[in-house]
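S.K.: work.json is reproduced below (JSON, C-alpha atoms).
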[["chain", "number", "residue", "atom", "x", "y", "z"],
["H", 1, "MET", "CA", 180.55, 181.40, 47.90],
["H", 2, "SER", "CA", 184.06, 182.49, 48.77],
["H", 3, "SER", "CA", 186.45, 179.88, 50.03],
["H", 4, "THR", "CA", 188.34, 180.72, 53.21],
["H", 5, "GLY", "CA", 190.64, 177.72, 52.87],
["H", 6, "GLU", "CA", 189.42, 175.99, 56.03],
["H", 7, "LYS", "CA", 189.62, 172.20, 55.94],
["H", 8, "PHE", "CA", 187.56, 169.93, 58.14],
["H", 9, "LEU", "CA", 187.47, 166.20, 58.60],
["H", 10, "VAL", "CA", 183.87, 165.03, 59.03],
["H", 11, "GLY", "CA", 183.01, 161.80, 60.82],
["H", 12, "ILE", "CA", 179.52, 160.38, 60.20],
["H", 13, "PHE", "CA", 177.97, 158.31, 62.99],
["H", 14, "ASP", "CA", 174.81, 156.18, 62.71],
["H", 15, "ASP", "CA", 173.83, 155.96, 66.39],
["H", 16, "GLU", "CA", 173.92, 158.41, 69.31],
["H", 17, "ASP", "CA", 175.45, 155.88, 71.72],
["H", 18, "ILE", "CA", 178.29, 155.20, 69.29],
["H", 19, "LEU", "CA", 178.67, 158.97, 68.89],
["H", 20, "LEU", "CA", 178.97, 159.53, 72.65],
["H", 21, "HIS", "CA", 181.64, 156.83, 72.98],
["H", 22, "GLY", "CA", 183.30, 158.12, 69.82],
["H", 23, "VAL", "CA", 183.55, 161.65, 71.20],
["H", 24, "GLU", "CA", 185.15, 160.30, 74.38],
["H", 25, "GLY", "CA", 187.61, 158.20, 72.39],
["H", 26, "VAL", "CA", 188.53, 161.01, 69.99],
["H", 27, "ARG", "CA", 189.06, 163.49, 72.83],
["H", 28, "ASP", "CA", 191.15, 160.92, 74.74],
["H", 29, "LYS", "CA", 193.51, 160.74, 71.74],
["H", 30, "GLY", "CA", 194.07, 164.52, 71.98],
["H", 31, "VAL", "CA", 192.02, 165.53, 68.95],
["H", 32, "LYS", "CA", 190.19, 168.85, 69.26],
["H", 33, "ILE", "CA", 186.60, 168.57, 68.08],
["H", 34, "HIS", "CA", 185.23, 171.66, 66.35],
["H", 35, "GLU", "CA", 181.53, 170.75, 66.76],
["H", 36, "VAL", "CA", 179.08, 167.84, 66.75],
["H", 37, "TYR", "CA", 175.81, 168.11, 64.82],
["H", 38, "THR", "CA", 172.86, 165.83, 65.54],
["H", 39, "PRO", "CA", 169.32, 165.63, 64.14],
["H", 40, "PHE", "CA", 167.86, 165.53, 67.67],
["H", 41, "PRO", "CA", 169.14, 166.33, 71.17],
["H", 42, "VAL", "CA", 171.60, 163.77, 72.51],
["H", 43, "HIS", "CA", 171.59, 163.70, 76.30],
["H", 44, "GLY", "CA", 175.04, 163.86, 77.83],
["H", 45, "LEU", "CA", 176.75, 165.21, 74.71],
["H", 46, "ASP", "CA", 177.47, 168.58, 76.34],
["H", 47, "GLU", "CA", 179.30, 166.94, 79.23],
["H", 48, "VAL", "CA", 181.28, 164.61, 76.96],
["H", 49, "LEU", "CA", 182.34, 167.54, 74.75],
["H", 50, "GLY", "CA", 183.42, 169.46, 77.84],
["H", 51, "TYR", "CA", 181.05, 172.40, 77.38],
["H", 52, "LYS", "CA", 180.50, 174.69, 80.34],
["H", 53, "ARG", "CA", 177.05, 175.61, 81.56],
["H", 54, "SER", "CA", 175.41, 178.42, 79.57],
["H", 55, "ARG", "CA", 175.37, 181.93, 81.00],
["H", 56, "LEU", "CA", 172.12, 182.74, 79.20],
["H", 57, "PRO", "CA", 170.09, 182.61, 82.46],
["H", 58, "ILE", "CA", 172.32, 185.36, 83.88],
["H", 59, "ALA", "CA", 171.64, 187.48, 80.80],
["H", 60, "ALA", "CA", 167.90, 186.77, 81.16],
["H", 61, "PHE", "CA", 167.96, 187.93, 84.78],
["H", 62, "LEU", "CA", 169.82, 191.12, 83.88],
["H", 63, "PHE", "CA", 167.45, 191.92, 81.01],
["H", 64, "GLY", "CA", 164.46, 191.24, 83.29],
["H", 65, "LEU", "CA", 165.95, 193.50, 85.96],
["H", 66, "ALA", "CA", 166.41, 196.22, 83.35],
["H", 67, "GLY", "CA", 162.74, 195.78, 82.35],
["H", 68, "THR", "CA", 161.60, 196.10, 85.96],
["H", 69, "ILE", "CA", 163.68, 199.21, 86.56],
["H", 70, "LEU", "CA", 162.53, 200.75, 83.27],
["H", 71, "ALA", "CA", 158.84, 200.05, 83.98],
["H", 72, "LEU", "CA", 158.93, 201.42, 87.53],
["H", 73, "THR", "CA", 160.98, 204.46, 86.56],
["H", 74, "MET", "CA", 158.69, 205.20, 83.63],
["H", 75, "GLN", "CA", 155.48, 204.91, 85.66],
["H", 76, "ILE", "CA", 156.77, 206.80, 88.69],
["H", 77, "TRP", "CA", 158.07, 209.63, 86.48],
["H", 78, "MET", "CA", 154.96, 209.89, 84.32],
["H", 79, "LEU", "CA", 152.32, 209.56, 87.04],
["H", 80, "GLY", "CA", 154.22, 211.16, 89.90],
["H", 81, "PHE", "CA", 156.18, 214.06, 88.42],
["H", 82, "ASP", "CA", 155.55, 214.71, 84.73],
["H", 83, "TRP", "CA", 151.74, 214.59, 84.63],
["H", 84, "PRO", "CA", 150.36, 213.87, 88.13],
["H", 85, "MET", "CA", 146.69, 212.99, 88.23],
["H", 86, "ILE", "CA", 144.52, 211.82, 91.08],
["H", 87, "ILE", "CA", 142.83, 208.62, 89.90],
["H", 88, "GLY", "CA", 140.25, 207.11, 92.21],
["H", 89, "GLY", "CA", 141.52, 209.08, 95.17],
["H", 90, "LYS", "CA", 144.87, 207.26, 95.20],
["H", 91, "ASN", "CA", 148.28, 208.77, 95.68],
["H", 92, "PHE", "CA", 150.24, 209.95, 92.67],
["H", 93, "VAL", "CA", 152.75, 207.13, 93.11],
["H", 94, "SER", "CA", 150.95, 203.99, 94.19],
["H", 95, "LEU", "CA", 152.77, 200.70, 93.56],
["H", 96, "PRO", "CA", 149.88, 198.17, 93.34],
["H", 97, "PRO", "CA", 148.54, 199.56, 90.03],
["H", 98, "PHE", "CA", 152.10, 199.48, 88.62],
["H", 99, "ILE", "CA", 152.48, 195.69, 89.04],
["H", 100, "PRO", "CA", 150.87, 194.52, 85.73],
["H", 101, "VAL", "CA", 152.85, 196.93, 83.56],
["H", 102, "THR", "CA", 156.04, 196.15, 85.47],
["H", 103, "PHE", "CA", 155.52, 192.40, 85.04],
["H", 104, "GLU", "CA", 154.80, 192.70, 81.31],
["H", 105, "LEU", "CA", 157.82, 194.89, 80.61],
["H", 106, "THR", "CA", 160.05, 192.59, 82.67],
["H", 107, "VAL", "CA", 158.98, 189.55, 80.64],
["H", 108, "LEU", "CA", 159.18, 191.43, 77.33],
["H", 109, "LEU", "CA", 162.70, 192.77, 77.82],
["H", 110, "SER", "CA", 163.90, 189.46, 79.24],
["H", 111, "ALA", "CA", 162.59, 187.48, 76.26],
["H", 112, "LEU", "CA", 163.82, 189.92, 73.61],
["H", 113, "GLY", "CA", 167.18, 190.24, 75.33],
["H", 114, "MET", "CA", 167.66, 186.47, 75.48],
["H", 115, "VAL", "CA", 166.82, 186.08, 71.80],
["H", 116, "ALA", "CA", 169.23, 188.87, 70.82],
["H", 117, "THR", "CA", 171.95, 187.46, 73.10],
["H", 118, "PHE", "CA", 171.49, 183.96, 71.68],
["H", 119, "PHE", "CA", 171.76, 185.20, 68.09],
["H", 120, "ILE", "CA", 174.87, 187.25, 68.86],
["H", 121, "VAL", "CA", 176.65, 184.48, 70.78],
["H", 122, "SER", "CA", 175.71, 181.84, 68.18],
["H", 123, "ASP", "CA", 176.93, 184.10, 65.35],
["H", 124, "MET", "CA", 173.57, 183.80, 63.59],
["H", 125, "LYS", "CA", 173.45, 186.81, 61.32],
["H", 126, "PRO", "CA", 170.70, 187.21, 58.71],
["H", 127, "TYR", "CA", 173.23, 187.64, 55.90],
["H", 128, "LYS", "CA", 175.50, 184.76, 56.90],
["H", 129, "THR", "CA", 175.34, 181.50, 54.96],
["H", 130, "PRO", "CA", 175.29, 178.54, 57.34],
["H", 131, "ARG", "CA", 177.94, 175.86, 56.99],
["H", 132, "SER", "CA", 176.66, 172.42, 56.16],
["H", 133, "TYR", "CA", 179.15, 169.70, 56.98],
["H", 134, "ASP", "CA", 176.76, 166.98, 55.83],
["H", 135, "LEU", "CA", 173.12, 167.33, 54.80],
["H", 136, "ARG", "CA", 172.22, 164.06, 56.53],
["H", 137, "SER", "CA", 172.84, 165.70, 59.93],
["H", 138, "THR", "CA", 169.29, 167.10, 59.72],
["H", 139, "ASP", "CA", 167.81, 163.71, 58.89],
["H", 140, "ASP", "CA", 169.29, 160.64, 60.55],
["H", 141, "LYS", "CA", 173.09, 160.92, 60.91],
["H", 142, "HIS", "CA", 175.32, 162.41, 63.58],
["H", 143, "VAL", "CA", 178.23, 164.51, 62.33],
["H", 144, "MET", "CA", 181.50, 165.25, 64.11],
["H", 145, "ALA", "CA", 183.48, 168.09, 62.52],
["H", 146, "ILE", "CA", 187.19, 168.35, 63.26],
["H", 147, "ASP", "CA", 189.18, 171.41, 62.18],
["H", 148, "LEU", "CA", 192.43, 170.13, 60.68],
["H", 149, "ALA", "CA", 194.26, 173.42, 61.34],
["H", 150, "ALA", "CA", 193.51, 173.22, 65.08],
["H", 151, "ASN", "CA", 195.03, 169.75, 65.46],
["H", 152, "LYS", "CA", 198.63, 168.57, 65.37],
["H", 153, "LEU", "CA", 197.82, 165.13, 64.00],
["H", 154, "SER", "CA", 197.65, 164.50, 60.27],
["H", 155, "LYS", "CA", 194.44, 164.02, 58.33],
["H", 156, "GLU", "CA", 195.10, 160.29, 57.94],
["H", 157, "GLU", "CA", 195.74, 159.78, 61.68],
["H", 158, "ILE", "CA", 192.56, 161.64, 62.63],
["H", 159, "GLY", "CA", 190.61, 159.63, 60.03],
["H", 160, "GLN", "CA", 191.90, 156.37, 61.55],
["H", 161, "ILE", "CA", 190.96, 157.58, 65.05],
["H", 162, "LEU", "CA", 187.44, 158.42, 63.84],
["H", 163, "LYS", "CA", 187.04, 155.01, 62.17],
["H", 164, "ALA", "CA", 188.38, 153.23, 65.26],
["H", 165, "ASN", "CA", 185.82, 155.07, 67.42],
["H", 166, "GLY", "CA", 182.76, 154.09, 65.40],
["H", 167, "ALA", "CA", 182.48, 156.50, 62.47],
["H", 168, "SER", "CA", 180.77, 154.83, 59.52],
["H", 169, "GLU", "CA", 182.21, 157.39, 57.08],
["H", 170, "VAL", "CA", 185.04, 159.92, 57.15],
["H", 171, "ASN", "CA", 184.98, 162.77, 54.61],
["H", 172, "GLU", "CA", 186.98, 165.92, 54.03],
["H", 173, "LYS", "CA", 185.08, 169.20, 53.72],
["H", 174, "ASN", "CA", 186.60, 172.47, 52.47],
["H", 175, "PHE", "CA", 185.10, 175.90, 53.13]]
How does this structure look as structure tokens?
M.R.:
Amino acid sequence: MSSTGEKFLVGIFDDEDILLHGVEGVRDKGVKIHEVYTPFPVHGLDEVLGYKRSRLPIAAFLFGLAGTILALTMQIWMLGFDWPMIIGGKNFVSLPPFIPVTFELTVLLSALGMVATFFIVSDMKPYKTPRSYDLRSTDDKHVMAIDLAANKLSKEEIGQILKANGASEVNEKNF
């Protein structure tokens, strides 16, 4: 694994309530938090970290709209202009029989588009090795990663702030 020279200070927290108060305290001191990793969802963590609401529902709507337009265009073109056939005495372009195919293609494109968008935004590439700040973050510990290059305070000052705000351990991690 190639080293990019990035240095992080990692605070380990034992409890989610201590973590929430710790995030507030660390941010109040002006420290920029890179990310917080937890073994299970912690309610209220997004608000405390200052994250904005996700725009993934907007992408889902747009992908679903594209699926609807594609399905209707495809069916109207095929059954109305390209190869018109009279089926059951109905018109060439009759919308009620188009509803199931339109619904299915809307759901399919919406779901596939959301998955692709999520992977792109989250930078989850199949060839990328994930960063592990602490292996216990998948078991029972909460991990707060702080990028030392993004902060003006020294490593020792940030370590003291983490300890004062409830971190049980403070480690340095190099990537």
S.K.: Could you work out how far CA of Leu135 in chain H lies from CA of Val170 in chain H, giving the answer in Å with one decimal?
M.R.: 14.2 Å
S.K.: Using only C-alpha atoms, which residues sit within 6 Å of Ala60 in chain H once same-chain residues fewer than 2 positions away are excluded, as a ChimeraX atom specification?
M.R.: /H:57-58,62-63,110,114
S.K.: As a list in words, please: the residues near Leu72 in chain H (cut-off 9 Å, all atoms listed in the file, same-chain neighbours under 2 positions excluded).
M.R.: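 Here the answer would be Gly67, Thr68, Ile69, Leu70, Met74, Gln75, Ile76, Trp77, Leu95, Phe98, Ile99, Val101 and Thr102 of chain H.
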S.K.: Might you pull out every residue within 8 Å of Asn174 in chain H, with all atoms listed in the file counted and same-chain residues fewer than 3 positions away left off, and present them as a compact mmCIF listing (two decimals) with C-alpha atoms, in the frame of the given file?
M.R.:
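Just written: selection_15.txt:
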# COMPACT_ATOMS: atom_id res chain seq x y z
CA SER H 3 186.45 179.88 50.03
CA GLY H 5 190.64 177.72 52.87
CA GLU H 6 189.42 175.99 56.03
CA LYS H 7 189.62 172.20 55.94
CA PHE H 8 187.56 169.93 58.14
S.K.: For CA of Asn171 in chain H and CA of Tyr133 in chain H, determine how far apart the two atoms are, in Å to one decimal place.
M.R.: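 Result for CA of Asn171 in chain H versus CA of Tyr133 in chain H: 9.4 Å, one decimal.
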